[in-house]
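Note: the block below is start.cif and it holds mmCIF, C-alpha atoms.
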```
data_my_file
#
loop_
_atom_site.label_atom_id
_atom_site.label_comp_id
_atom_site.auth_asym_id
_atom_site.auth_seq_id
_atom_site.Cartn_x
_atom_site.Cartn_y
_atom_site.Cartn_z
CA ALA I 1 -34.25 -20.46 84.25
CA TRP I 2 -32.16 -22.50 81.83
CA ALA I 3 -34.67 -25.37 81.73
CA ALA I 4 -37.57 -22.96 81.16
CA ASP I 5 -35.90 -21.11 78.27
CA THR I 6 -36.75 -23.13 75.16
CA SER I 7 -34.51 -20.93 73.00
CA ALA I 8 -31.41 -21.57 75.13
CA PRO I 9 -28.75 -24.00 73.86
CA PRO I 10 -29.25 -27.53 75.22
CA TRP I 11 -25.74 -27.63 76.65
CA ARG I 12 -23.30 -25.28 78.31
CA GLU I 13 -19.98 -25.29 80.09
CA LEU I 14 -20.00 -24.76 83.86
CA HIS I 15 -16.94 -23.79 85.88
CA GLY I 16 -16.72 -24.38 89.61
CA SER I 17 -16.24 -27.05 92.25
CA ALA I 18 -18.24 -30.20 92.93
CA VAL I 19 -18.75 -32.36 96.00
CA LEU I 20 -19.75 -36.00 95.49
CA ALA I 21 -20.77 -37.85 98.65
CA ASP I 22 -21.70 -41.52 99.03
CA ILE I 23 -23.36 -42.98 102.13
CA SER I 24 -21.76 -46.39 102.57
CA GLY I 25 -24.25 -49.24 102.12
CA PHE I 26 -27.27 -46.98 102.29
CA THR I 27 -29.14 -48.63 99.42
CA ARG I 28 -28.84 -52.06 101.04
CA HIS I 29 -29.92 -50.58 104.36
CA THR I 30 -33.01 -48.96 102.86
CA GLU I 31 -33.92 -52.24 101.14
CA TRP I 32 -33.74 -53.98 104.51
CA LEU I 33 -35.96 -51.32 106.07
CA THR I 34 -38.55 -51.81 103.33
CA TYR I 35 -39.18 -55.39 104.51
CA ARG I 36 -38.82 -54.68 108.20
CA GLY I 37 -42.52 -54.97 108.94
CA ALA I 38 -45.57 -52.80 109.29
CA ASP I 39 -43.50 -49.81 110.42
CA GLY I 40 -40.87 -50.35 107.72
CA PRO I 41 -42.03 -47.64 105.28
CA GLU I 42 -42.38 -45.09 108.05
CA VAL I 43 -38.92 -45.85 109.43
CA LEU I 44 -37.50 -45.81 105.90
CA HIS I 45 -38.98 -42.38 105.21
CA ALA I 46 -37.57 -41.00 108.47
CA ALA I 47 -34.13 -42.52 107.78
CA ILE I 48 -33.94 -41.06 104.26
CA CYS I 49 -35.05 -37.62 105.44
CA ALA I 50 -32.57 -37.60 108.32
CA ALA I 51 -29.66 -38.78 106.17
CA LEU I 52 -30.23 -36.45 103.22
CA THR I 53 -31.06 -33.40 105.31
CA THR I 54 -27.90 -33.92 107.35
CA LEU I 55 -25.73 -34.73 104.34
CA LEU I 56 -26.90 -31.91 102.07
CA GLY I 57 -28.15 -29.24 104.46
CA GLY I 58 -24.72 -27.66 104.81
CA GLY I 59 -24.26 -27.40 101.06
CA VAL I 60 -27.66 -25.80 100.56
CA HIS I 61 -27.12 -23.24 103.29
CA ALA I 62 -23.68 -22.42 101.89
CA GLY I 63 -25.34 -21.54 98.58
CA GLY I 64 -24.55 -24.71 96.66
CA ASP I 65 -26.88 -26.40 94.20
CA VAL I 66 -27.93 -29.98 94.87
CA ILE I 67 -27.73 -31.23 91.30
CA GLY I 68 -29.03 -34.74 91.85
CA PHE I 69 -28.45 -38.30 92.93
CA ALA I 70 -26.83 -41.43 91.53
CA GLY I 71 -27.40 -44.52 93.64
CA ASP I 72 -26.15 -43.83 97.17
CA SER I 73 -24.36 -40.68 95.97
CA ALA I 74 -25.41 -37.03 95.92
CA LEU I 75 -23.72 -34.16 94.11
CA VAL I 76 -23.50 -30.54 95.24
CA TRP I 77 -22.22 -27.92 92.78
CA PHE I 78 -20.67 -24.53 93.60
CA ASP I 79 -20.63 -22.45 90.44
CA GLU I 80 -17.85 -19.97 89.78
CA HIS I 81 -20.36 -17.38 88.59
CA ASP I 82 -22.14 -17.33 91.96
CA HIS I 83 -19.20 -18.19 94.22
CA PRO I 84 -15.72 -16.81 93.44
CA ASP I 85 -14.50 -18.85 96.44
CA HIS I 86 -16.20 -22.02 95.15
CA ALA I 87 -13.31 -24.34 95.99
CA ALA I 88 -13.10 -23.18 99.59
CA LEU I 89 -16.86 -23.48 100.02
CA ALA I 90 -16.88 -26.98 98.52
CA VAL I 91 -14.09 -28.20 100.80
CA GLU I 92 -15.66 -26.71 103.90
CA VAL I 93 -19.02 -28.30 103.12
CA ALA I 94 -17.39 -31.63 102.28
CA ALA I 95 -15.40 -31.63 105.51
CA ARG I 96 -18.62 -31.35 107.51
CA MET I 97 -20.27 -34.35 105.94
CA PRO I 98 -18.50 -37.31 107.62
CA ARG I 99 -18.77 -35.82 111.09
CA ASP I 100 -22.38 -34.73 110.70
CA ILE I 101 -23.48 -38.09 109.31
CA ALA I 102 -21.57 -40.01 111.99
CA ALA I 103 -23.25 -37.91 114.68
CA LEU I 104 -26.72 -39.03 113.62
CA PRO I 105 -28.08 -41.43 116.26
CA ALA I 106 -29.04 -44.87 115.00
CA THR I 107 -32.59 -44.25 116.22
CA MET I 108 -32.96 -41.67 113.43
CA THR I 109 -31.55 -43.86 110.66
CA GLY I 110 -33.38 -47.14 111.10
CA GLY I 111 -31.02 -48.77 113.59
CA ARG I 112 -27.70 -48.24 111.83
CA ARG I 113 -24.97 -45.64 112.21
CA LEU I 114 -24.04 -44.19 108.84
CA ARG I 115 -20.71 -43.23 107.31
CA VAL I 116 -19.95 -41.26 104.18
CA SER I 117 -17.04 -41.01 101.73
CA VAL I 118 -16.57 -37.77 99.81
CA GLY I 119 -14.69 -36.49 96.76
CA VAL I 120 -14.11 -32.83 95.80
CA HIS I 121 -12.85 -31.59 92.43
CA THR I 122 -12.58 -28.25 90.64
CA GLY I 123 -12.80 -27.54 86.93
CA MET I 124 -15.12 -27.31 83.94
CA VAL I 125 -17.99 -29.70 83.25
CA GLN I 126 -20.31 -29.96 80.28
CA ALA I 127 -23.97 -29.83 81.30
CA HIS I 128 -26.58 -31.17 78.86
CA LEU I 129 -30.33 -30.68 79.17
CA VAL I 130 -32.32 -33.44 77.49
CA GLY I 131 -35.99 -34.27 77.23
CA THR I 132 -39.15 -32.32 76.51
CA THR I 133 -41.92 -32.73 79.08
CA GLN I 134 -39.45 -34.02 81.66
CA ARG I 135 -36.02 -32.43 81.54
CA GLY I 136 -32.89 -34.23 82.67
CA LEU I 137 -29.41 -32.86 83.33
CA PHE I 138 -26.37 -34.85 82.28
CA LEU I 139 -22.92 -33.83 83.52
CA CYS I 140 -20.10 -34.98 81.29
CA GLY I 141 -16.37 -34.71 80.90
CA PRO I 142 -13.05 -35.61 82.50
CA VAL I 143 -13.78 -33.49 85.59
CA VAL I 144 -16.82 -35.64 86.38
CA SER I 145 -14.82 -38.83 85.87
CA ARG I 146 -12.12 -37.52 88.18
CA LEU I 147 -14.69 -36.55 90.81
CA VAL I 148 -16.21 -40.03 90.78
CA ALA I 149 -12.74 -41.60 91.09
CA LEU I 150 -11.91 -39.42 94.10
CA GLN I 151 -15.11 -40.35 95.89
CA ASP I 152 -14.65 -44.01 95.06
CA ARG I 153 -11.12 -44.00 96.48
CA ALA I 154 -12.10 -42.24 99.70
CA GLN I 155 -12.61 -44.50 102.69
CA PRO I 156 -15.78 -44.21 104.82
CA GLY I 157 -15.35 -41.10 106.92
CA GLN I 158 -12.71 -39.63 104.57
CA VAL I 159 -12.76 -36.65 102.20
CA LEU I 160 -10.36 -36.57 99.24
CA MET I 161 -9.82 -33.52 97.05
CA SER I 162 -7.92 -33.16 93.82
CA ALA I 163 -4.71 -31.19 93.42
CA GLN I 164 -6.67 -28.58 91.46
CA THR I 165 -8.96 -28.02 94.43
CA ALA I 166 -6.13 -28.12 96.97
CA ALA I 167 -4.32 -25.36 95.08
CA ARG I 168 -7.30 -23.05 95.66
CA VAL I 169 -7.84 -23.53 99.38
CA ALA I 170 -5.96 -22.59 102.55
CA PRO I 171 -3.09 -24.97 103.44
CA GLU I 172 -4.81 -25.72 106.75
CA TRP I 173 -7.32 -27.86 104.88
CA CYS I 174 -4.62 -30.10 103.41
CA ALA I 175 -3.68 -33.24 105.30
CA GLU I 176 -1.55 -36.05 103.85
CA PRO I 177 -1.34 -36.85 100.14
CA VAL I 178 -3.20 -39.97 98.99
CA GLY I 179 -1.70 -40.88 95.65
CA ASP I 180 -2.43 -37.96 93.34
CA ALA I 181 -5.13 -36.64 95.70
CA VAL I 182 -5.03 -34.82 99.03
CA ALA I 183 -6.95 -35.81 102.15
CA VAL I 184 -8.98 -33.00 103.68
CA ARG I 185 -8.05 -32.28 107.28
CA GLN I 186 -10.94 -32.40 109.73
CA ARG I 187 -10.78 -29.21 111.79
CA ARG I 188 -12.99 -26.84 113.72
CA ARG I 189 -15.38 -25.06 111.42
CA ARG I 190 -17.81 -22.21 111.44
CA PRO I 191 -21.22 -23.30 112.70
CA LEU I 192 -24.07 -23.44 110.24
CA PRO I 193 -26.85 -20.89 110.61
CA ALA I 194 -29.28 -21.64 113.42
CA GLY I 195 -31.66 -24.43 112.44
CA ALA I 196 -29.73 -25.37 109.31
CA MET I 197 -29.64 -29.10 110.00
CA ALA I 198 -33.26 -29.20 111.12
CA GLU I 199 -34.74 -27.56 108.05
CA PRO I 200 -35.87 -29.67 105.09
CA ILE I 201 -34.05 -29.31 101.82
CA GLY I 202 -36.49 -27.08 100.06
CA ARG I 203 -34.21 -24.76 98.08
CA GLN I 204 -34.68 -25.21 94.37
CA PRO I 205 -31.33 -25.65 92.62
CA THR I 206 -30.39 -23.44 89.70
CA LEU I 207 -30.17 -26.53 87.52
CA PRO I 208 -32.74 -29.35 87.24
CA VAL I 209 -32.62 -32.04 89.91
CA ALA I 210 -32.70 -35.01 87.54
CA CYS I 211 -29.07 -35.90 87.04
CA GLU I 212 -26.78 -38.45 85.50
CA LEU I 213 -23.01 -38.61 85.78
CA LEU I 214 -21.30 -39.68 82.59
#
```
Translate the structure described by the file into structure tokens.
Amino acid sequence: AWAADTSAPPWRELHGSAVLADISGFTRHTEWLTYRGADGPEVLHAAICAALTTLLGGGVHAGGDVIGFAGDSALVWFDEHDHPDHAALAVEVAARMPRDIAALPATMTGGRRLRVSVGVHTGMVQAHLVGTTQRGLFLCGPVVSRLVALQDRAQPGQVLMSAQTAARVAPEWCAEPVGDAVAVRQRRRRPLPAGAMAEPIGRQPTLPVACELL
């Protein structure tokens, strides 16, 4: 709606929680699959679909918006306006990601088991719409920088959240401190709706998919 409204301001402030996930070495792996042989493109397509559906399916079904991609990373946003419990939703979705990705058999991902590192942060971001015929969304501000730093610090298979996010979730989610961040405890979670992981990611996000993190 925002992108279609030509009279709307080109920027706005968004409040909520964000999940930034990075599949370790996925770009290099997809490059290798490209030159694998005659079946390379087909295997590459299957690997990308399996990885992204598994990684982002939980966020979509929890009501989050897949904002876009940056390299091997994908960002899911839970807006305060739509989700008063945005921090709890973001942490629960983030906690699923390492286990769900690790459970993917190598036969579905082009012969390699995948791992993911995840950062979660809560606060206000500035969102800018740019372009005319093709609109792009740029997320800016200290919250985005902090989110990227959290994801970058997380080890493969680990989820790190900021103190701001940790203050909004149940203590059961909080494991040990990691510097000025808090590791998310892996625990038993509510199952996703039936068929959630098998469905393609077809939900259109509230904001445009084209995304840059500044």
Check: Of the candidates I:Pro156, I:Gly141, I:Gly136, I:Gly40, which one gets nearest to Val116 (chain I) if we count all atoms listed in the file?
Finding: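 Smallest separation from Val116 (chain I) among the options: I:Pro156.
Proximity of I:Met97, I:Ala87, I:Leu56, I:Cys140 to Gln126 (chain I), computed with all atoms listed in the file, is greatest for I:Cys140.
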### Task
One decimal, Å: what's the distance from CA of Val169 (chain I) over to CA of Ala88 (chain I), could you say?
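Between CA of Val169 (chain I) and CA of Ala88 (chain I) the gap is 5.3 Å.
Using all atoms listed in the file, the nearest neighbour of Pro142 (chain I) within the list I:Arg168, I:His121, I:His86, I:His128 is I:His121.
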Can you give me, as a count of residues only, the residues this file yields under the PyMOL selection byres ((chain I and resi 43) around 10)? 21
With a distance cut-off of 10 Å and only C-alpha atoms, select the neighbouring residues of Gly64 (chain I), excluding the residue or stretch itself and same-chain residues fewer than 2 positions from it, and output the selection as a list of chain:residue names.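 The filter keeps I:Ser17, I:Ala18, I:Val19, I:Leu56, I:Gly57, I:Gly58, I:Gly59, I:Val60, I:His61, I:Ala62, I:Val66, I:Ile67, I:Leu75, I:Val76, I:Trp77, I:Phe78, I:Asp79, I:Asp82, I:His83, I:His86, I:Leu89, I:Ala90, I:Val93, I:Arg203, I:Pro205, I:Thr206.
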Closest of I:Ala8, I:Val91, I:Val125, I:Leu104 to Ala167 (chain I), counting all atoms listed in the file, is I:Val91
Q) If we count all atoms listed in the file, what is near Arg146 (chain I) at a cut-off of 12 Å, once residues fewer than 4 positions away on the same chain are taken out, given as a PyMOL selection string? A) chain I and resi 17-20+119-125+140-142+150-153+160-165+180-181+213-214
### Task
Dump as a ChimeraX atom specification all residues having an atom at most 7 Å from (-12.0, -37.0, 107.0), computed in the file's coordinates with only C-alpha atoms.
/I:95,98,157-159,184-186
Distance criterion (all atoms listed in the file): nearest to Ala170 (chain I) out of I:Glu92, I:Arg115, I:His29, I:Val143
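Of all the options, I:Glu92 lies closest to Ala170 (chain I).
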Q | Selected residue of minimal separation from Ser24 (chain I) among I:Pro10, I:Thr54, I:Ile101, I:Arg135, counting all atoms listed in the file | A |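 Closest candidate: I:Ile101.
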> Hey, can you check how far CA of Thr53 (chain I) sits from CA of Phe69 (chain I)?
Replying inline: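 Separating CA of Thr53 (chain I) from CA of Phe69 (chain I) is a distance of 13.6 Å.
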Between CA of Phe26 (chain I) and CA of Leu114 (chain I), what is the spacing in Å?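 Between these atoms lies a distance of 7.8 Å.
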